[in-house]
$ cat data_39.pdb   # PDB, C-alpha atoms and all ligand atoms
MODEL        1
ATOM      1  CA  MET A  24      -9.528  -5.956 -44.119
ATOM      2  CA  LEU A  25      -5.856  -5.216 -43.487
ATOM      3  CA  LYS A  26      -6.632  -1.519 -43.179
ATOM      4  CA  ARG A  27      -9.310  -2.295 -40.651
ATOM      5  CA  LEU A  28      -6.903  -4.442 -38.616
ATOM      6  CA  ILE A  29      -4.270  -1.718 -38.612
ATOM      7  CA  PHE A  30      -6.929   0.742 -37.517
ATOM      8  CA  LEU A  31      -8.059  -1.505 -34.648
ATOM      9  CA  PHE A  32      -4.467  -2.180 -33.637
ATOM     10  CA  SER A  33      -3.587   1.498 -33.509
ATOM     11  CA  LEU A  34      -6.750   2.150 -31.526
ATOM     12  CA  VAL A  35      -5.605  -0.356 -28.884
ATOM     13  CA  ILE A  36      -2.164   1.232 -28.664
ATOM     14  CA  TYR A  37      -3.730   4.672 -28.473
ATOM     15  CA  SER A  38      -6.116   3.768 -25.673
ATOM     16  CA  ASN A  39      -3.281   2.120 -23.724
ATOM     17  CA  ASN A  40      -1.282   5.322 -23.748
ATOM     18  CA  VAL A  41      -4.251   7.417 -22.831
ATOM     19  CA  ASN A  42      -5.208   5.195 -19.918
ATOM     20  CA  ALA A  43      -1.754   4.807 -18.355
ATOM     21  CA  LYS A  44      -1.955   6.047 -14.799
ATOM     22  CA  SER A  45       0.272   6.627 -11.866
ATOM     23  CA  VAL A  46      -0.486   4.801  -8.624
ATOM     24  CA  ILE A  47      -0.419   5.780  -4.956
ATOM     25  CA  LEU A  48      -0.725   2.919  -2.459
ATOM     26  CA  MET A  49      -1.349   3.805   1.189
ATOM     27  CA  ILE A  50      -1.008   1.095   3.846
ATOM     28  CA  GLY A  51      -2.270   1.595   7.369
ATOM     29  CA  ASP A  52      -0.267  -1.128   9.087
ATOM     30  CA  GLY A  53      -2.545  -3.083  11.439
ATOM     31  CA  MET A  54      -5.574  -0.921  10.586
ATOM     32  CA  GLY A  55      -8.847  -2.822  10.951
ATOM     33  CA  TYR A  56     -12.409  -1.503  10.766
ATOM     34  CA  ASN A  57     -12.630  -1.007  14.519
ATOM     35  CA  HIS A  58      -9.426   1.045  14.607
ATOM     36  CA  LEU A  59     -11.284   3.527  12.428
ATOM     37  CA  SER A  60     -14.434   3.384  14.549
ATOM     38  CA  CYS A  61     -12.449   3.993  17.742
ATOM     39  CA  ALA A  62     -10.344   6.822  16.265
ATOM     40  CA  GLU A  63     -13.515   8.449  14.984
ATOM     41  CA  MET A  64     -14.720   8.784  18.577
ATOM     42  CA  GLU A  65     -11.862  11.291  18.945
ATOM     43  CA  GLN A  66     -12.622  13.273  15.777
ATOM     44  CA  PRO A  67     -14.393  12.740  12.436
ATOM     45  CA  LEU A  68     -12.293  10.772   9.955
ATOM     46  CA  PHE A  69     -12.222  11.341   6.218
ATOM     47  CA  LEU A  70     -12.017   7.593   5.566
ATOM     48  CA  LYS A  71     -15.267   7.006   7.452
ATOM     49  CA  THR A  72     -17.056   9.202   4.893
ATOM     50  CA  GLN A  73     -16.047   6.837   2.051
ATOM     51  CA  SER A  74     -17.432   3.347   1.513
ATOM     52  CA  ALA A  75     -14.924   0.546   1.901
ATOM     53  CA  ALA A  76     -14.619  -2.930   0.413
ATOM     54  CA  SER A  77     -12.938  -5.742   2.374
ATOM     55  CA  VAL A  78      -9.640  -7.546   1.878
ATOM     56  CA  MET A  79      -8.619 -11.051   2.966
ATOM     57  CA  THR A  80      -5.022 -11.051   4.095
ATOM     58  CA  PHE A  81      -4.026 -14.695   4.826
ATOM     59  CA  SER A  82      -0.478 -15.633   3.784
ATOM     60  CA  ALA A  83       0.865 -18.753   2.041
ATOM     61  CA  ASP A  84       1.610 -20.578   5.289
ATOM     62  CA  ASN A  85      -0.690 -18.967   7.843
ATOM     63  CA  GLU A  86      -4.278 -17.842   8.256
ATOM     64  CA  THR A  87      -2.844 -14.765  10.005
ATOM     65  CA  THR A  88      -0.276 -12.907   7.957
ATOM     66  CA  ASP A  89       2.508 -10.664   9.179
ATOM     67  CA  SER A  90       3.541  -7.405   7.526
ATOM     68  CA  ALA A  91       6.377  -9.000   5.521
ATOM     69  CA  ALA A  92       4.183 -11.565   3.753
ATOM     70  CA  SER A  93       1.275  -9.183   3.289
ATOM     71  CA  ALA A  94       3.419  -6.357   1.924
ATOM     72  CA  THR A  95       5.055  -8.873  -0.432
ATOM     73  CA  THR A  96       1.569  -9.645  -1.740
ATOM     74  CA  TYR A  97       0.938  -5.968  -2.392
ATOM     75  CA  SER A  98       4.362  -5.584  -3.993
ATOM     76  CA  CYS A  99       4.515  -8.834  -6.028
ATOM     77  CA  GLY A 100       0.958 -10.125  -6.322
ATOM     78  CA  ILE A 101       1.711 -13.522  -4.779
ATOM     79  CA  LYS A 102       1.080 -15.090  -1.378
ATOM     80  CA  THR A 103       4.269 -15.959   0.470
ATOM     81  CA  ASN A 104       5.282 -17.285   3.880
ATOM     82  CA  ASN A 105       5.205 -15.135   6.985
ATOM     83  CA  TYR A 106       8.447 -13.219   7.663
ATOM     84  CA  TRP A 107       9.513 -13.522   3.992
ATOM     85  CA  LEU A 108      10.180 -10.490   1.825
ATOM     86  CA  GLY A 109      10.036 -10.332  -1.971
ATOM     87  CA  LEU A 110      10.257 -14.108  -2.468
ATOM     88  CA  THR A 111       7.757 -16.714  -3.665
ATOM     89  CA  PRO A 112       7.095 -19.714  -1.355
ATOM     90  CA  ASP A 113       9.499 -21.739  -3.532
ATOM     91  CA  MET A 114      12.174 -19.114  -2.869
ATOM     92  CA  LYS A 115      12.223 -17.413  -6.249
ATOM     93  CA  VAL A 116      12.895 -13.676  -6.251
ATOM     94  CA  CYS A 117       9.760 -11.808  -7.308
ATOM     95  CA  LYS A 118      10.062  -8.533  -9.139
ATOM     96  CA  THR A 119       8.201  -5.937  -7.111
ATOM     97  CA  ILE A 120       5.874  -3.327  -8.567
ATOM     98  CA  ALA A 121       8.343  -0.664  -7.381
ATOM     99  CA  GLU A 122      11.265  -2.365  -9.140
ATOM    100  CA  GLU A 123       9.214  -2.783 -12.318
ATOM    101  CA  ALA A 124       8.161   0.873 -12.191
ATOM    102  CA  VAL A 125      11.824   1.955 -11.984
ATOM    103  CA  GLU A 126      12.716  -0.360 -14.877
ATOM    104  CA  LYS A 127       9.966   1.135 -17.016
ATOM    105  CA  GLY A 128      11.102   4.690 -16.359
ATOM    106  CA  LYS A 129       8.602   5.775 -13.720
ATOM    107  CA  ASN A 130       9.490   7.625 -10.545
ATOM    108  CA  VAL A 131       9.195   5.681  -7.305
ATOM    109  CA  TYR A 132       8.641   7.163  -3.850
ATOM    110  CA  ILE A 133       8.378   5.243  -0.591
ATOM    111  CA  MET A 134       7.444   7.104   2.577
ATOM    112  CA  THR A 135       6.925   5.492   5.976
ATOM    113  CA  THR A 136       6.776   6.258   9.673
ATOM    114  CA  ASP A 137       8.756   3.034  10.163
ATOM    115  CA  ASN A 138      12.552   2.806  10.300
ATOM    116  CA  ASP A 139      14.749   1.818   7.378
ATOM    117  CA  LEU A 140      14.567  -1.890   8.226
ATOM    118  CA  GLY A 141      10.759  -2.034   8.477
ATOM    119  CA  ALA A 142       9.095  -5.062   6.890
ATOM    120  CA  THR A 143       6.502  -3.185   4.834
ATOM    121  CA  PRO A 144       8.852  -0.824   2.956
ATOM    122  CA  SER A 145      11.455  -3.611   2.646
ATOM    123  CA  ALA A 146       8.963  -5.824   0.788
ATOM    124  CA  PHE A 147       9.148  -3.366  -2.112
ATOM    125  CA  TYR A 148      12.897  -3.821  -2.743
ATOM    126  CA  ALA A 149      14.388  -6.571  -0.548
ATOM    127  CA  HIS A 150      14.362 -10.325  -1.145
ATOM    128  CA  THR A 151      15.058 -12.626   1.796
ATOM    129  CA  THR A 152      13.480 -15.389   3.882
ATOM    130  CA  SER A 153      13.660 -13.275   7.038
ATOM    131  CA  ARG A 154      12.375  -9.813   7.809
ATOM    132  CA  ASN A 155      15.143  -9.748  10.453
ATOM    133  CA  ASP A 156      17.900 -10.309   7.871
ATOM    134  CA  ASN A 157      19.149  -6.752   8.357
ATOM    135  CA  GLU A 158      22.273  -7.284   6.273
ATOM    136  CA  THR A 159      20.385  -8.192   3.090
ATOM    137  CA  ILE A 160      17.676  -5.599   3.721
ATOM    138  CA  SER A 161      20.248  -2.808   4.230
ATOM    139  CA  ARG A 162      22.202  -3.781   1.134
ATOM    140  CA  GLU A 163      19.147  -3.998  -1.133
ATOM    141  CA  ARG A 164      17.661  -0.830   0.369
ATOM    142  CA  ASP A 165      20.852   1.140  -0.310
ATOM    143  CA  GLU A 166      20.974  -0.231  -3.841
ATOM    144  CA  PHE A 167      17.324   0.659  -4.490
ATOM    145  CA  SER A 168      17.713   4.131  -2.981
ATOM    146  CA  LYS A 169      19.956   5.044  -5.931
ATOM    147  CA  LYS A 170      16.932   4.662  -8.194
ATOM    148  CA  ALA A 171      14.037   5.671  -5.957
ATOM    149  CA  ASP A 172      13.198   8.215  -3.284
ATOM    150  CA  LEU A 173      12.958   6.461   0.108
ATOM    151  CA  LYS A 174      11.924   8.313   3.250
ATOM    152  CA  PHE A 175      11.878   6.617   6.659
ATOM    153  CA  ASP A 176      11.047   7.660  10.231
ATOM    154  CA  ILE A 177       8.499  10.236   9.070
ATOM    155  CA  ILE A 178       6.996  11.911  12.131
ATOM    156  CA  SER A 179       3.829  13.217  10.490
ATOM    157  CA  LEU A 180       2.559  11.690   7.254
ATOM    158  CA  SER A 181      -0.012  14.450   6.852
ATOM    159  CA  ASP A 182       2.761  17.100   6.910
ATOM    160  CA  SER A 183       5.259  15.195   4.773
ATOM    161  CA  VAL A 184       2.767  14.151   2.145
ATOM    162  CA  GLU A 185       2.270  17.785   1.105
ATOM    163  CA  ASP A 186       5.861  18.129  -0.117
ATOM    164  CA  LEU A 187       5.539  14.837  -1.929
ATOM    165  CA  LEU A 188       2.313  15.836  -3.687
ATOM    166  CA  GLN A 189       3.899  19.128  -4.669
ATOM    167  CA  LYS A 190       6.812  17.223  -6.211
ATOM    168  CA  LEU A 191       4.476  14.838  -8.043
ATOM    169  CA  SER A 192       2.519  17.665  -9.626
ATOM    170  CA  GLU A 193       5.643  19.548 -10.746
ATOM    171  CA  ASP A 194       7.134  16.441 -12.352
ATOM    172  CA  ASP A 195       5.357  15.235 -15.479
ATOM    173  CA  LYS A 196       6.675  11.652 -15.157
ATOM    174  CA  GLU A 197       4.431   8.785 -14.103
ATOM    175  CA  TYR A 198       5.048   7.368 -10.661
ATOM    176  CA  PHE A 199       4.428   4.654  -8.100
ATOM    177  CA  VAL A 200       4.143   5.801  -4.481
ATOM    178  CA  MET A 201       3.836   3.684  -1.326
ATOM    179  CA  ILE A 202       2.974   5.517   1.892
ATOM    180  CA  GLU A 203       2.844   3.528   5.119
ATOM    181  CA  GLY A 204       1.429   4.449   8.520
ATOM    182  CA  ALA A 205       3.460   1.863  10.451
ATOM    183  CA  LYS A 206       2.680   2.912  13.991
ATOM    184  CA  ILE A 207      -1.010   2.014  13.965
ATOM    185  CA  ASP A 208       0.326  -1.548  14.205
ATOM    186  CA  LYS A 209       3.091  -0.786  16.700
ATOM    187  CA  ALA A 210       0.673   0.975  19.088
ATOM    188  CA  SER A 211      -1.833  -1.872  18.739
ATOM    189  CA  HIS A 212       0.829  -4.458  19.685
ATOM    190  CA  LYS A 213       1.089  -2.557  22.966
ATOM    191  CA  ASN A 214      -2.703  -2.134  23.188
ATOM    192  CA  ASP A 215      -1.963   1.606  23.408
ATOM    193  CA  LEU A 216      -5.314   2.997  22.279
ATOM    194  CA  TYR A 217      -4.309   6.646  22.680
ATOM    195  CA  GLU A 218      -1.228   6.305  20.455
ATOM    196  CA  MET A 219      -3.103   4.164  17.910
ATOM    197  CA  LYS A 220      -5.758   6.869  17.507
ATOM    198  CA  LYS A 221      -3.112   9.572  17.123
ATOM    199  CA  GLN A 222      -1.349   7.596  14.404
ATOM    200  CA  LEU A 223      -4.565   6.733  12.604
ATOM    201  CA  ILE A 224      -5.772  10.341  12.674
ATOM    202  CA  ASP A 225      -2.470  11.402  11.077
ATOM    203  CA  PHE A 226      -2.753   8.641   8.445
ATOM    204  CA  ASP A 227      -6.334   9.696   7.707
ATOM    205  CA  ALA A 228      -5.308  13.343   7.275
ATOM    206  CA  ALA A 229      -2.631  12.232   4.785
ATOM    207  CA  VAL A 230      -5.245  10.147   2.943
ATOM    208  CA  LYS A 231      -7.532  13.164   2.652
ATOM    209  CA  LYS A 232      -4.744  15.208   1.015
ATOM    210  CA  VAL A 233      -3.925  12.405  -1.421
ATOM    211  CA  TRP A 234      -7.622  11.909  -2.249
ATOM    212  CA  GLN A 235      -8.048  15.613  -3.013
ATOM    213  CA  PHE A 236      -4.859  15.606  -5.100
ATOM    214  CA  ALA A 237      -6.213  12.678  -7.131
ATOM    215  CA  GLN A 238      -9.289  14.701  -8.178
ATOM    216  CA  ASN A 239      -7.173  16.716 -10.651
ATOM    217  CA  HIS A 240      -4.271  14.405 -11.409
ATOM    218  CA  SER A 241      -3.940  11.268 -13.484
ATOM    219  CA  VAL A 242      -3.474   8.855 -10.593
ATOM    220  CA  ASN A 243      -5.311   5.914  -9.065
ATOM    221  CA  VAL A 244      -5.233   5.644  -5.279
ATOM    222  CA  TYR A 245      -5.487   2.428  -3.238
ATOM    223  CA  ILE A 246      -5.792   2.606   0.542
ATOM    224  CA  THR A 247      -5.796  -0.505   2.666
ATOM    225  CA  ALA A 248      -4.058  -2.371   5.505
ATOM    226  CA  ASP A 249      -1.754  -5.372   5.601
ATOM    227  CA  HIS A 250      -3.646  -7.060   8.468
ATOM    228  CA  GLU A 251      -5.576  -6.191  11.615
ATOM    229  CA  THR A 252      -3.612  -5.895  14.864
ATOM    230  CA  GLY A 253      -4.943  -6.386  18.377
ATOM    231  CA  ALA A 254      -8.447  -7.836  17.786
ATOM    232  CA  LEU A 255      -9.781  -4.408  18.678
ATOM    233  CA  ARG A 256     -13.514  -4.306  19.414
ATOM    234  CA  ALA A 257     -15.913  -1.396  19.015
ATOM    235  CA  PRO A 258     -17.655   0.476  20.507
ATOM    236  CA  THR A 259     -15.862  -0.555  23.717
ATOM    237  CA  CYS A 260     -12.451   0.007  22.065
ATOM    238  CA  LYS A 261     -10.845  -2.795  24.028
ATOM    239  CA  TYR A 262      -8.048  -4.883  22.578
ATOM    240  CA  PHE A 263      -8.320  -8.681  22.843
ATOM    241  CA  SER A 264      -4.877  -9.570  21.487
ATOM    242  CA  TYR A 265      -1.316  -8.253  21.353
ATOM    243  CA  ASP A 266      -0.802  -9.795  17.936
ATOM    244  CA  HIS A 267      -2.059  -9.750  14.355
ATOM    245  CA  THR A 268      -5.413 -11.336  13.461
ATOM    246  CA  PRO A 269      -6.921 -12.772  10.248
ATOM    247  CA  LEU A 270      -9.817 -10.257  10.284
ATOM    248  CA  TYR A 271     -10.704  -8.630   6.966
ATOM    249  CA  VAL A 272      -9.281  -5.164   6.488
ATOM    250  CA  PRO A 273     -10.871  -2.225   4.634
ATOM    251  CA  LEU A 274     -10.024  -1.111   1.092
ATOM    252  CA  TRP A 275     -10.786   2.219  -0.551
ATOM    253  CA  ILE A 276     -10.008   2.982  -4.176
ATOM    254  CA  TYR A 277     -10.056   6.254  -6.045
ATOM    255  CA  GLY A 278      -9.924   6.309  -9.846
ATOM    256  CA  ASP A 279      -9.986   2.611 -10.696
ATOM    257  CA  GLU A 280     -13.071   0.470 -11.304
ATOM    258  CA  TRP A 281     -14.012  -1.470  -8.181
ATOM    259  CA  ASP A 282     -16.922  -2.783  -6.148
ATOM    260  CA  SER A 283     -17.102  -1.138  -2.748
ATOM    261  CA  GLU A 284     -19.234  -4.025  -1.448
ATOM    262  CA  ALA A 285     -16.894  -6.798  -2.557
ATOM    263  CA  VAL A 286     -14.489  -8.949  -0.573
ATOM    264  CA  TYR A 287     -11.166  -8.872  -2.386
ATOM    265  CA  ASP A 288      -8.090 -10.962  -1.838
ATOM    266  CA  ASN A 289      -4.903  -9.006  -1.194
ATOM    267  CA  THR A 290      -3.503 -10.364  -4.492
ATOM    268  CA  ASP A 291      -6.374  -8.536  -6.266
ATOM    269  CA  VAL A 292      -5.121  -5.188  -4.991
ATOM    270  CA  TYR A 293      -1.764  -5.842  -6.662
ATOM    271  CA  LYS A 294      -3.515  -6.844  -9.905
ATOM    272  CA  MET A 295      -5.539  -3.628  -9.992
ATOM    273  CA  MET A 296      -2.512  -1.439  -9.226
ATOM    274  CA  HIS A 297      -0.390  -3.268 -11.783
ATOM    275  CA  LYS A 298      -3.020  -2.851 -14.483
ATOM    276  CA  SER A 299      -3.353   0.864 -13.736
ATOM    277  CA  LEU A 300       0.375   1.396 -13.786
ATOM    278  CA  PHE A 301       1.413  -0.734 -16.754
ATOM    279  CA  GLN A 302      -1.844  -1.237 -18.692
ATOM    280  CA  ASP A 303      -1.431  -5.009 -19.020
TER     281      ASP A 303
HETATM  282 ZN    ZN B   1       2.724  -5.976  13.627
ENDMDL
END
$ encode --input "data_39.pdb" --output "structure tokens"
Amino acid sequence: MLKRLIFLFSLVIYSNNVNAKSVILMIGDGMGYNHLSCAEMEQPLFLKTQSAASVMTFSADNETTDSAASATTYSCGIKTNNYWLGLTPDMKVCKTIAEEAVEKGKNVYIMTTDNDLGATPSAFYAHTTSRNDNETISRERDEFSKKADLKFDIISLSDSVEDLLQKLSEDDKEYFVMIEGAKIDKASHKNDLYEMKKQLIDFDAAVKKVWQFAQNHSVNVYITADHETGALRAPTCKYFSYDHTPLYVPLWIYGDEWDSEAVYDNTDVYKMMHKSLFQD
């Protein structure tokens, strides 16, 4: 009996080690379904060739989230209030998936087209009740940059991602990567369809490279958005808002088990990534 228990126990440990995976999360800020449909009128998109599930993005205090609350959900697995970063609604600091990855000896890379105070990247290492609290964000960013590789103001994700993928394949350590296409949102706030398409096409090209990389590497890939921006309609490609909306956003997963016809909550995306990364 005891022998059998030891055998089963060692089997569990063994399978945990075997299944441990690295994770790449890609966030198209503001990217709704119709952003993809409208960009595809310009040129075929890789993402449109893959089936997508849906994600509900509401925050703790609002039907319509902002990037700070939504990115905190992806980083911590909890719903929080709009404008808050890395905090629970009762103001407790939440440990982000990036911080936990560093603690457990994995490499962490964050790459974004946003600047170094952007809400989405900040949600992975800063903890404050305001996304405009530049002092706290700067301090926590500088602290975190000693332990992780942070790249801001990327001009072209599809160009920059190649160097990153090269680095990931040369290094045999496990990793957590967050890549954000921030300007899909920024262009949509201005209802600038031309710029939105350009940004989305670049994001899509980066996704394609990551997806191909994942075919021969031990990594699970999650691609989604934090919220929709602009109430964009297709096929007319007219915006009906200058702000975020509560519309569902798409989700694509490579490597992990998922249901491409399901409606997930944004907390579920965290749970899946966390399980892949830490096998818990
Ligand atoms: Zn926005």
$ closest_residue --input "data_39.pdb" --among "A:Asn57, A:Ser179, A:Thr268, A:Asn130" --to "ligand ZN 1 (chain B)" --atoms "all atoms listed in the file"
A:Thr268
$ closest_residue --input "data_39.pdb" --among "A:Ala210, A:Leu223, A:Ala149, A:Ala237" --to "Ser192 of chain A" --atoms "only C-alpha atoms"
A:Ala237
$ closest_residue --input "data_39.pdb" --among "A:Ser181, A:Thr96, A:Thr159, A:Thr88" --to "ligand ZN 1 (chain B)" --atoms "only C-alpha atoms and all ligand atoms"
A:Thr88
$ resolve_selection --input "data_39.pdb" --expression "the PyMOL selection byres (((chain A and resi 272) around 8) and not hetatm)" --output "VMD selection string"
chain A and resid 54 to 56 77 to 80 247 to 251 270 to 271 273 to 274
$ resolve_selection --input "data_39.pdb" --expression "the PyMOL selection byres (((chain A and resi 229) around 8) and not hetatm)" --output "VMD selection string"
chain A and resid 180 to 182 184 225 to 228 230 to 233
$ write_last_selection --input "data_39.pdb" --atoms "C-alpha atoms" --output "PDB file, in the frame of the given file"
ATOM      1  CA  LEU A 180       2.559  11.690   7.254  1.00  0.00           C
ATOM      2  CA  SER A 181      -0.012  14.450   6.852  1.00  0.00           C
ATOM      3  CA  ASP A 182       2.761  17.100   6.910  1.00  0.00           C
ATOM      4  CA  VAL A 184       2.767  14.151   2.145  1.00  0.00           C
ATOM      5  CA  ASP A 225      -2.470  11.402  11.077  1.00  0.00           C
ATOM      6  CA  PHE A 226      -2.753   8.641   8.445  1.00  0.00           C
ATOM      7  CA  ASP A 227      -6.334   9.696   7.707  1.00  0.00           C
ATOM      8  CA  ALA A 228      -5.308  13.343   7.275  1.00  0.00           C
ATOM      9  CA  VAL A 230      -5.245  10.147   2.943  1.00  0.00           C
ATOM     10  CA  LYS A 231      -7.532  13.164   2.652  1.00  0.00           C
ATOM     11  CA  LYS A 232      -4.744  15.208   1.015  1.00  0.00           C
ATOM     12  CA  VAL A 233      -3.925  12.405  -1.421  1.00  0.00           C
TER      13      VAL A 233
END
$ decode --input "data_39.pdb" --residues "segment 75-98 of chain A" --atoms "N, CA and C atoms" --output "mmCIF file, in the first residue's frame"
data_model
loop_
_atom_site.group_PDB
_atom_site.id
_atom_site.type_symbol
_atom_site.label_atom_id
_atom_site.label_comp_id
_atom_site.auth_asym_id
_atom_site.auth_seq_id
_atom_site.Cartn_x
_atom_site.Cartn_y
_atom_site.Cartn_z
ATOM 1 N N ALA A 75 -11.955 32.114 -32.382
ATOM 2 C CA ALA A 75 -11.767 32.874 -31.146
ATOM 3 C C ALA A 75 -12.918 32.638 -30.181
ATOM 4 N N ALA A 76 -12.606 32.494 -28.916
ATOM 5 C CA ALA A 76 -13.620 32.507 -27.856
ATOM 6 C C ALA A 76 -13.865 33.966 -27.470
ATOM 7 N N SER A 77 -14.784 34.193 -26.529
ATOM 8 C CA SER A 77 -15.078 35.565 -26.096
ATOM 9 C C SER A 77 -14.716 35.758 -24.630
ATOM 10 N N VAL A 78 -14.441 37.011 -24.285
ATOM 11 C CA VAL A 78 -14.088 37.353 -22.903
ATOM 12 C C VAL A 78 -14.928 38.529 -22.428
ATOM 13 N N MET A 79 -15.502 38.372 -21.217
ATOM 14 C CA MET A 79 -16.221 39.471 -20.561
ATOM 15 C C MET A 79 -15.210 40.277 -19.761
ATOM 16 N N THR A 80 -15.295 41.581 -19.850
ATOM 17 C CA THR A 80 -14.212 42.393 -19.281
ATOM 18 C C THR A 80 -14.636 43.323 -18.139
ATOM 19 N N PHE A 81 -15.897 43.272 -17.693
ATOM 20 C CA PHE A 81 -16.359 44.234 -16.673
ATOM 21 C C PHE A 81 -15.422 44.268 -15.453
ATOM 22 N N SER A 82 -15.331 45.422 -14.821
ATOM 23 C CA SER A 82 -14.440 45.556 -13.652
ATOM 24 C C SER A 82 -15.252 45.445 -12.373
ATOM 25 N N ALA A 83 -14.597 45.645 -11.217
ATOM 26 C CA ALA A 83 -15.297 45.495 -9.933
ATOM 27 C C ALA A 83 -16.343 46.584 -9.744
ATOM 28 N N ASP A 84 -16.093 47.774 -10.273
ATOM 29 C CA ASP A 84 -17.021 48.881 -9.997
ATOM 30 C C ASP A 84 -17.686 49.443 -11.248
ATOM 31 N N ASN A 85 -17.486 48.792 -12.400
ATOM 32 C CA ASN A 85 -18.080 49.348 -13.612
ATOM 33 C C ASN A 85 -18.305 48.267 -14.667
ATOM 34 N N GLU A 86 -19.431 48.384 -15.356
ATOM 35 C CA GLU A 86 -19.717 47.460 -16.453
ATOM 36 C C GLU A 86 -18.640 47.594 -17.536
ATOM 37 N N THR A 87 -18.144 48.826 -17.722
ATOM 38 C CA THR A 87 -17.096 49.087 -18.705
ATOM 39 C C THR A 87 -15.772 49.303 -17.984
ATOM 40 N N THR A 88 -14.841 48.412 -18.246
ATOM 41 C CA THR A 88 -13.544 48.516 -17.566
ATOM 42 C C THR A 88 -12.654 49.539 -18.252
ATOM 43 N N ASP A 89 -11.581 49.909 -17.602
ATOM 44 C CA ASP A 89 -10.495 50.631 -18.278
ATOM 45 C C ASP A 89 -9.294 49.678 -18.318
ATOM 46 N N SER A 90 -8.209 50.133 -18.922
ATOM 47 C CA SER A 90 -7.051 49.253 -19.092
ATOM 48 C C SER A 90 -6.409 48.879 -17.759
ATOM 49 N N ALA A 91 -6.440 49.786 -16.782
ATOM 50 C CA ALA A 91 -5.788 49.526 -15.495
ATOM 51 C C ALA A 91 -6.472 48.357 -14.786
ATOM 52 N N ALA A 92 -7.794 48.430 -14.664
ATOM 53 C CA ALA A 92 -8.532 47.361 -13.975
ATOM 54 C C ALA A 92 -8.446 46.056 -14.749
ATOM 55 N N SER A 93 -8.589 46.136 -16.069
ATOM 56 C CA SER A 93 -8.590 44.907 -16.859
ATOM 57 C C SER A 93 -7.212 44.243 -16.857
ATOM 58 N N ALA A 94 -6.164 45.050 -16.980
ATOM 59 C CA ALA A 94 -4.816 44.465 -16.952
ATOM 60 C C ALA A 94 -4.506 43.899 -15.569
ATOM 61 N N THR A 95 -5.062 44.512 -14.524
ATOM 62 C CA THR A 95 -4.884 43.959 -13.172
ATOM 63 C C THR A 95 -5.553 42.587 -13.073
ATOM 64 N N THR A 96 -6.677 42.416 -13.764
ATOM 65 C CA THR A 96 -7.319 41.101 -13.777
ATOM 66 C C THR A 96 -6.425 40.077 -14.468
ATOM 67 N N TYR A 97 -5.840 40.457 -15.587
ATOM 68 C CA TYR A 97 -4.934 39.522 -16.260
ATOM 69 C C TYR A 97 -3.669 39.269 -15.444
ATOM 70 N N SER A 98 -3.244 40.253 -14.666
ATOM 71 C CA SER A 98 -2.000 40.071 -13.910
ATOM 72 C C SER A 98 -2.234 39.408 -12.560
#
